[in-house]
Amino acid sequence: MGRGRVQLKRIENKISRQVTFSKRRSGLLKKANEISVLCDAEVALIVFSSKGKLFEYSTDSSMERIIERYERRSYADNKILTENWSSEYPKLVARIEVLQRNMSNYMGESLDPLSFRKLRSLEQQLDNALKRVRTKKNQLMNESISQLQKKERSLQDQNNVLKKKLKEEEKHERAVEVEGEQDSSALALSSETLMPPRELHTILPSLTIRGEPRQSTEDANKIQTANSNTLIPPWLLRHVNQQ
C-alpha cells in the first residue's frame, strides 16, 4: 500500500520543523536548478527562514536582473489593465445612464423628451411585458387551483372514510341497545313468573320452622293446589312437599 497524503500544517516541534525546512529547502533549490536547465528558463528563488535567514537561487543571470525584468513586466501589465479600465469606464457610465433612463420611462416618468416613435415603442414594450406578466399569473393561478382541487379530493375521501366509520359505530351502538332491551325483557318476564313475598306469606302461613308440628295432609293438599294456581316455582314446591 502507498503512503497516504500527509496533511499540510505547521509542525509544532521546533527540531522537527528545522529538519523539515532544511530537507525541503534543498529539494526546492534542486527543482529550481532542474527546471532552469531542462526548460532554459530564468528562475529566481528567494527563501527566508523563520529566523530571517536568507536563501536564494538564480540562473546564470544575476538576481537583480531577473527582479528588474519582473518589475518591468508587472508595470506593463498594470498599465495595460489601467488603460483598459480607462477606456471601458465611460462606456459603462453611459450604459448605466441609459438603463436608469429606461427604468424611469417604464415607471411612467420623464416622458416629455420622448418622441412619438419612442413612445409607441415604449408602449409596445410595456404591452409585451404585461402579456408575459398575465401569462405567468394565469399559470400560477392554474397551478394553485389544481393543488386546491387535489386537496379537496383528498379531504372528501377522508370525510367519506369518517362517515363510514361513524355509521358502523352507530350500527354497533344500536345492536348493543337492542341486546340490552332483549335482556331487560327477559329479566322482566322471569320476575313475573316468580311469586311476590306477600302472596307466599298468605299461602304458606303454617310452614314448619325448627321443630313445629307438621301440617295435615289436607293442609298440604290445599297448599299444593294454591301453589299450582299461583305459579310457584318447582324448587319452592319441593321444599313445601318436604315440609
# chains A, B, ... in the order shown; residues from 1 in each chain; ligands from 1

call {"tool": "residues_around", "arguments": {"residues": "segment 9-18 of chain A", "least_positions_apart": "5", "cutoff": "12 Å", "atoms": "only C-alpha atoms", "output": "compact mmCIF listing (two decimals) with all heavy atoms, in the first residue's frame"}}
result
# COMPACT_ATOMS: atom_id res chain seq x y z
N LYS A 23 15.46 19.98 4.66
CA LYS A 23 15.24 19.00 3.59
C LYS A 23 14.44 19.60 2.44
O LYS A 23 14.82 19.48 1.27
CB LYS A 23 14.53 17.78 4.15
CG LYS A 23 15.37 16.95 5.11
CD LYS A 23 14.58 15.76 5.61
CE LYS A 23 15.41 14.91 6.56
NZ LYS A 23 14.65 13.74 7.06
N ARG A 24 13.36 20.27 2.76
CA ARG A 24 12.50 20.83 1.72
C ARG A 24 13.21 21.96 0.96
O ARG A 24 13.02 22.12 -0.24
CB ARG A 24 11.20 21.34 2.32
CG ARG A 24 10.32 20.24 2.93
CD ARG A 24 9.83 19.28 1.88
NE ARG A 24 9.01 18.23 2.44
CZ ARG A 24 7.67 18.25 2.50
NH1 ARG A 24 7.04 19.32 2.05
NH2 ARG A 24 7.03 17.25 3.01
N ARG A 25 14.04 22.75 1.66
CA ARG A 25 14.77 23.82 1.00
C ARG A 25 15.77 23.26 -0.01
O ARG A 25 15.86 23.75 -1.16
CB ARG A 25 15.51 24.66 2.05
CG ARG A 25 16.28 25.86 1.47
CD ARG A 25 17.27 26.33 2.47
NE ARG A 25 18.30 25.33 2.69
CZ ARG A 25 19.01 25.21 3.82
NH1 ARG A 25 18.78 26.01 4.84
NH2 ARG A 25 19.93 24.27 3.93
N SER A 49 14.02 32.06 6.16
CA SER A 49 13.65 31.12 7.21
C SER A 49 12.85 31.83 8.29
O SER A 49 12.69 33.06 8.27
CB SER A 49 14.90 30.48 7.81
OG SER A 49 15.68 31.46 8.49
N SER A 50 12.38 31.05 9.27
CA SER A 50 11.60 31.65 10.36
C SER A 50 12.45 32.59 11.21
O SER A 50 11.93 33.50 11.86
CB SER A 50 11.02 30.53 11.24
OG SER A 50 12.07 29.72 11.76
N LYS A 51 13.75 32.40 11.18
CA LYS A 51 14.66 33.28 11.92
C LYS A 51 15.16 34.45 11.09
O LYS A 51 15.98 35.24 11.56
CB LYS A 51 15.85 32.47 12.43
CG LYS A 51 15.47 31.41 13.46
CD LYS A 51 16.69 30.68 13.96
CE LYS A 51 16.32 29.64 15.02
NZ LYS A 51 17.51 28.92 15.52

call {"tool": "select_by_dssp", "arguments": {"residues": "segment 29-82 of chain A", "states": "strand (DSSP E)", "output": "list in words"}}
result
Ala44, Leu45, Ile46, Val47, Phe48, Leu54, Phe55, Glu56, Tyr57 and Ser58 of chain A

call {"tool": "closest_atom_pairs", "arguments": {"of": "segment 122-150 of chain A", "to": "segment 107-111 of chain A", "cutoff": "12 Å", "atoms": "only C-alpha atoms", "output": "JSON lines"}}
result
{"residue": "A:Leu122", "atom": "CA", "partner": "A:Gly108", "partner_atom": "CA", "distance": 9.9}
{"residue": "A:Glu123", "atom": "CA", "partner": "A:Gly108", "partner_atom": "CA", "distance": 10.4}
{"residue": "A:Leu126", "atom": "CA", "partner": "A:Met107", "partner_atom": "CA", "distance": 10.0}

call {"tool": "atom_distance", "arguments": {"atom1": "atom CA of Lys118 of chain A", "atom2": "atom CA of Ser104 of chain A"}}
result
13.8 Å

call {"tool": "residues_around", "arguments": {"residues": "segment 31-38 of chain A", "least_positions_apart": "3", "cutoff": "12 Å", "atoms": "only C-alpha atoms", "output": "list in words"}}
result
Arg24, Arg25, Ser26, Gly27, Leu28, Ala41, Glu42, Val43, Ala44, Leu45, Ile46, Glu56, Tyr57, Ser58, Thr59, Asp60 and Ser61 of chain A

call {"tool": "select_by_dssp", "arguments": {"residues": "segment 46-200 of chain A", "states": "helix (DSSP H, G or I)", "output": "PyMOL selection string"}}
result
chain A and resi 63-106+116-193+197-200

call {"tool": "write_last_selection", "arguments": {"atoms": "C-alpha atoms", "output": "compact mmCIF listing (two decimals), in the first residue's frame"}}
result
# COMPACT_ATOMS: atom_id res chain seq x y z
CA MET A 63 19.15 38.06 -9.24
CA GLU A 64 18.91 41.84 -9.74
CA ARG A 65 18.42 41.46 -13.50
CA ILE A 66 15.58 38.97 -13.03
CA ILE A 67 13.90 41.20 -10.43
CA GLU A 68 14.13 44.23 -12.74
CA ARG A 69 12.60 42.21 -15.53
CA TYR A 70 9.78 41.18 -13.19
CA GLU A 71 9.12 44.78 -12.16
CA ARG A 72 9.04 45.99 -15.78
CA ARG A 73 6.60 43.25 -16.72
CA SER A 74 4.41 43.93 -13.73
CA TYR A 75 4.37 47.67 -14.51
CA ALA A 76 3.46 46.99 -18.14
CA ASP A 77 0.65 44.64 -17.15
CA ASN A 78 -0.71 47.13 -14.67
CA LYS A 79 -0.52 49.92 -17.27
CA ILE A 80 -2.41 47.85 -19.83
CA LEU A 81 -5.02 46.97 -17.24
CA THR A 82 -5.37 50.62 -16.24
CA GLU A 83 -5.70 51.74 -19.86
CA ASN A 84 -8.35 49.12 -20.48
CA TRP A 85 -10.31 50.26 -17.46
CA SER A 86 -9.90 53.90 -18.52
CA SER A 87 -11.40 53.14 -21.93
CA GLU A 88 -14.17 50.96 -20.54
CA TYR A 89 -15.23 53.31 -17.77
CA PRO A 90 -17.01 55.92 -19.97
CA LYS A 91 -18.84 53.13 -21.81
CA LEU A 92 -20.04 51.60 -18.56
CA VAL A 93 -21.17 55.01 -17.25
CA ALA A 94 -23.11 55.70 -20.45
CA ARG A 95 -24.77 52.29 -20.32
CA ILE A 96 -25.79 52.84 -16.70
CA GLU A 97 -27.37 56.17 -17.64
CA VAL A 98 -29.34 54.53 -20.47
CA LEU A 99 -30.60 51.81 -18.14
CA GLN A 100 -31.64 54.33 -15.49
CA ARG A 101 -33.47 56.42 -18.10
CA ASN A 102 -35.27 53.38 -19.48
CA MET A 103 -36.25 52.35 -15.96
CA SER A 104 -37.77 55.77 -15.30
CA ASN A 105 -39.64 55.61 -18.62
CA TYR A 106 -41.05 52.19 -17.72
CA PHE A 116 -43.98 59.77 -30.78
CA ARG A 117 -41.98 56.88 -32.22
CA LYS A 118 -40.18 56.23 -28.92
CA LEU A 119 -43.45 56.47 -27.02
CA ARG A 120 -45.01 53.94 -29.40
CA SER A 121 -42.02 51.63 -28.90
CA LEU A 122 -42.27 52.04 -25.15
CA GLU A 123 -46.00 51.25 -25.25
CA GLN A 124 -45.33 48.08 -27.24
CA GLN A 125 -42.64 47.01 -24.80
CA LEU A 126 -44.99 47.58 -21.88
CA ASP A 127 -47.76 45.61 -23.62
CA ASN A 128 -45.41 42.70 -24.23
CA ALA A 129 -44.23 42.83 -20.64
CA LEU A 130 -47.85 42.97 -19.43
CA LYS A 131 -48.73 39.91 -21.54
CA ARG A 132 -45.83 37.98 -20.04
CA VAL A 133 -46.90 39.02 -16.55
CA ARG A 134 -50.51 37.93 -17.19
CA THR A 135 -49.34 34.62 -18.66
CA LYS A 136 -47.21 33.93 -15.61
CA LYS A 137 -50.05 34.98 -13.31
CA ASN A 138 -52.52 32.66 -15.06
CA GLN A 139 -50.03 29.82 -14.88
CA LEU A 140 -49.60 30.31 -11.14
CA MET A 141 -53.38 30.57 -10.65
CA ASN A 142 -53.97 27.34 -12.59
CA GLU A 143 -51.32 25.55 -10.55
CA SER A 144 -52.87 26.86 -7.34
CA ILE A 145 -56.37 25.76 -8.44
CA SER A 146 -55.05 22.32 -9.35
CA GLN A 147 -53.43 21.94 -5.94
CA LEU A 148 -56.63 23.08 -4.20
CA GLN A 149 -58.68 20.57 -6.21
CA LYS A 150 -56.32 17.76 -5.24
CA LYS A 151 -56.58 18.84 -1.62
CA GLU A 152 -60.38 18.94 -1.90
CA ARG A 153 -60.49 15.40 -3.29
CA SER A 154 -58.21 14.21 -0.50
CA LEU A 155 -60.41 15.86 2.15
CA GLN A 156 -63.53 14.39 0.54
CA ASP A 157 -62.02 10.91 0.67
CA GLN A 158 -61.15 11.38 4.33
CA ASN A 159 -64.67 12.63 5.01
CA ASN A 160 -66.18 9.57 3.34
CA VAL A 161 -63.99 7.28 5.43
CA LEU A 162 -65.04 9.10 8.62
CA LYS A 163 -68.72 8.87 7.63
CA LYS A 164 -68.36 5.14 7.04
CA LYS A 165 -66.73 4.64 10.44
CA LEU A 166 -69.45 6.75 12.10
CA LYS A 167 -72.20 4.66 10.51
CA GLU A 168 -70.52 1.46 11.65
CA GLU A 169 -70.25 2.80 15.21
CA GLU A 170 -73.93 3.87 15.21
CA LYS A 171 -74.93 0.45 13.91
CA HIS A 172 -72.90 -1.23 16.63
CA GLU A 173 -74.47 1.02 19.31
CA ARG A 174 -77.99 0.20 18.06
CA ALA A 175 -77.17 -3.51 18.17
CA VAL A 176 -75.93 -3.14 21.75
CA GLU A 177 -79.08 -1.23 22.71
CA VAL A 178 -81.31 -3.94 21.15
CA GLU A 179 -79.44 -6.64 23.04
CA GLY A 180 -79.83 -4.66 26.26
CA GLU A 181 -83.60 -4.27 25.67
CA GLN A 182 -83.91 -8.00 24.98
CA ASP A 183 -82.05 -8.82 28.22
CA SER A 184 -84.28 -6.41 30.16
CA SER A 185 -87.43 -8.03 28.70
CA ALA A 186 -86.16 -11.48 29.62
CA LEU A 187 -85.44 -10.38 33.18
CA ALA A 188 -88.88 -8.79 33.48
CA LEU A 189 -90.56 -11.95 32.18
CA SER A 190 -88.66 -14.17 34.61
CA SER A 191 -89.54 -11.87 37.52
CA GLU A 192 -93.23 -12.06 36.61
CA THR A 193 -93.15 -15.88 36.90
CA PRO A 197 -93.24 -12.47 49.07
CA ARG A 198 -96.65 -11.11 50.24
CA GLU A 199 -98.54 -13.92 48.46
CA LEU A 200 -96.10 -16.51 49.84

call {"tool": "decode", "arguments": {"residues": "segment 102-136 of chain A", "atoms": "N, CA, C and O atoms", "output": "tab-separated table (two decimals), in the first residue's frame"}}
result
chain	number	residue	atom	x	y	z
A	102	ASN	N	-34.24	54.33	-19.06
A	102	ASN	CA	-35.27	53.38	-19.48
A	102	ASN	C	-36.13	52.94	-18.30
A	102	ASN	O	-37.35	52.78	-18.44
A	103	MET	N	-35.50	52.75	-17.15
A	103	MET	CA	-36.25	52.35	-15.96
A	103	MET	C	-37.26	53.43	-15.57
A	103	MET	O	-38.42	53.13	-15.24
A	104	SER	N	-36.83	54.69	-15.62
A	104	SER	CA	-37.77	55.77	-15.30
A	104	SER	C	-38.90	55.86	-16.32
A	104	SER	O	-40.05	56.14	-15.97
A	105	ASN	N	-38.59	55.59	-17.59
A	105	ASN	CA	-39.64	55.61	-18.62
A	105	ASN	C	-40.64	54.48	-18.40
A	105	ASN	O	-41.85	54.66	-18.58
A	106	TYR	N	-40.14	53.31	-18.00
A	106	TYR	CA	-41.05	52.19	-17.72
A	106	TYR	C	-41.96	52.49	-16.53
A	106	TYR	O	-43.08	51.99	-16.47
A	107	MET	N	-41.47	53.34	-15.62
A	107	MET	CA	-42.28	53.72	-14.47
A	107	MET	C	-43.22	54.88	-14.80
A	107	MET	O	-43.96	55.34	-13.92
A	108	GLY	N	-43.21	55.36	-16.04
A	108	GLY	CA	-44.09	56.46	-16.45
A	108	GLY	C	-43.53	57.81	-16.12
A	108	GLY	O	-44.29	58.80	-16.06
A	109	GLU	N	-42.22	57.91	-15.94
A	109	GLU	CA	-41.60	59.18	-15.60
A	109	GLU	C	-40.68	59.63	-16.74
A	109	GLU	O	-40.23	58.83	-17.55
A	110	SER	N	-40.43	60.94	-16.77
A	110	SER	CA	-39.52	61.54	-17.77
A	110	SER	C	-39.94	61.18	-19.20
A	110	SER	O	-39.12	60.77	-20.03
A	111	LEU	N	-41.23	61.35	-19.49
A	111	LEU	CA	-41.73	61.02	-20.83
A	111	LEU	C	-41.75	62.22	-21.78
A	111	LEU	O	-41.96	62.04	-22.99
A	112	ASP	N	-41.54	63.42	-21.28
A	112	ASP	CA	-41.62	64.61	-22.12
A	112	ASP	C	-40.57	64.63	-23.23
A	112	ASP	O	-40.89	64.99	-24.38
A	113	PRO	N	-39.33	64.25	-22.99
A	113	PRO	CA	-38.33	64.33	-24.08
A	113	PRO	C	-38.55	63.28	-25.18
A	113	PRO	O	-37.92	63.37	-26.25
A	114	LEU	N	-39.38	62.28	-24.95
A	114	LEU	CA	-39.55	61.20	-25.91
A	114	LEU	C	-40.40	61.63	-27.09
A	114	LEU	O	-41.38	62.36	-26.94
A	115	SER	N	-40.05	61.15	-28.26
A	115	SER	CA	-40.83	61.42	-29.47
A	115	SER	C	-41.99	60.42	-29.58
A	115	SER	O	-42.10	59.47	-28.78
A	116	PHE	N	-42.85	60.66	-30.59
A	116	PHE	CA	-43.98	59.77	-30.78
A	116	PHE	C	-43.52	58.34	-31.08
A	116	PHE	O	-44.11	57.37	-30.59
A	117	ARG	N	-42.49	58.20	-31.86
A	117	ARG	CA	-41.98	56.88	-32.22
A	117	ARG	C	-41.45	56.15	-30.99
A	117	ARG	O	-41.72	54.95	-30.78
A	118	LYS	N	-40.71	56.86	-30.13
A	118	LYS	CA	-40.18	56.23	-28.92
A	118	LYS	C	-41.29	55.89	-27.95
A	118	LYS	O	-41.25	54.84	-27.27
A	119	LEU	N	-42.31	56.78	-27.89
A	119	LEU	CA	-43.45	56.47	-27.02
A	119	LEU	C	-44.20	55.23	-27.50
A	119	LEU	O	-44.64	54.39	-26.70
A	120	ARG	N	-44.35	55.12	-28.84
A	120	ARG	CA	-45.01	53.94	-29.40
A	120	ARG	C	-44.20	52.67	-29.11
A	120	ARG	O	-44.76	51.62	-28.75
A	121	SER	N	-42.88	52.77	-29.22
A	121	SER	CA	-42.02	51.63	-28.90
A	121	SER	C	-42.11	51.27	-27.42
A	121	SER	O	-42.18	50.08	-27.05
A	122	LEU	N	-42.15	52.30	-26.58
A	122	LEU	CA	-42.27	52.04	-25.15
A	122	LEU	C	-43.61	51.38	-24.82
A	122	LEU	O	-43.68	50.46	-23.99
A	123	GLU	N	-44.68	51.84	-25.47
A	123	GLU	CA	-46.00	51.25	-25.25
A	123	GLU	C	-46.01	49.78	-25.66
A	123	GLU	O	-46.56	48.92	-24.95
A	124	GLN	N	-45.39	49.46	-26.79
A	124	GLN	CA	-45.33	48.08	-27.24
A	124	GLN	C	-44.53	47.22	-26.26
A	124	GLN	O	-44.91	46.07	-25.96
A	125	GLN	N	-43.43	47.75	-25.77
A	125	GLN	CA	-42.64	47.01	-24.80
A	125	GLN	C	-43.43	46.74	-23.52
A	125	GLN	O	-43.39	45.63	-22.96
A	126	LEU	N	-44.18	47.76	-23.08
A	126	LEU	CA	-44.99	47.58	-21.88
A	126	LEU	C	-46.10	46.57	-22.10
A	126	LEU	O	-46.43	45.77	-21.21
A	127	ASP	N	-46.71	46.60	-23.31
A	127	ASP	CA	-47.76	45.61	-23.62
A	127	ASP	C	-47.20	44.19	-23.61
A	127	ASP	O	-47.82	43.26	-23.07
A	128	ASN	N	-46.02	44.02	-24.23
A	128	ASN	CA	-45.41	42.70	-24.23
A	128	ASN	C	-45.07	42.24	-22.81
A	128	ASN	O	-45.29	41.07	-22.44
A	129	ALA	N	-44.55	43.18	-22.03
A	129	ALA	CA	-44.23	42.83	-20.64
A	129	ALA	C	-45.50	42.49	-19.86
A	129	ALA	O	-45.52	41.54	-19.06
A	130	LEU	N	-46.59	43.24	-20.11
A	130	LEU	CA	-47.85	42.97	-19.43
A	130	LEU	C	-48.41	41.61	-19.83
A	130	LEU	O	-48.95	40.87	-18.98
A	131	LYS	N	-48.27	41.23	-21.10
A	131	LYS	CA	-48.73	39.91	-21.54
A	131	LYS	C	-47.95	38.80	-20.84
A	131	LYS	O	-48.53	37.79	-20.41
A	132	ARG	N	-46.64	38.99	-20.73
A	132	ARG	CA	-45.83	37.98	-20.04
A	132	ARG	C	-46.22	37.87	-18.57
A	132	ARG	O	-46.29	36.76	-18.01
A	133	VAL	N	-46.49	39.04	-17.95
A	133	VAL	CA	-46.90	39.02	-16.55
A	133	VAL	C	-48.23	38.31	-16.39
A	133	VAL	O	-48.42	37.49	-15.47
A	134	ARG	N	-49.20	38.58	-17.28
A	134	ARG	CA	-50.51	37.93	-17.19
A	134	ARG	C	-50.40	36.43	-17.44
A	134	ARG	O	-51.07	35.62	-16.77
A	135	THR	N	-49.54	36.05	-18.40
A	135	THR	CA	-49.34	34.62	-18.66
A	135	THR	C	-48.79	33.91	-17.44
A	135	THR	O	-49.24	32.83	-17.06
A	136	LYS	N	-47.79	34.53	-16.81
A	136	LYS	CA	-47.21	33.93	-15.61
A	136	LYS	C	-48.22	33.88	-14.48
A	136	LYS	O	-48.30	32.90	-13.73
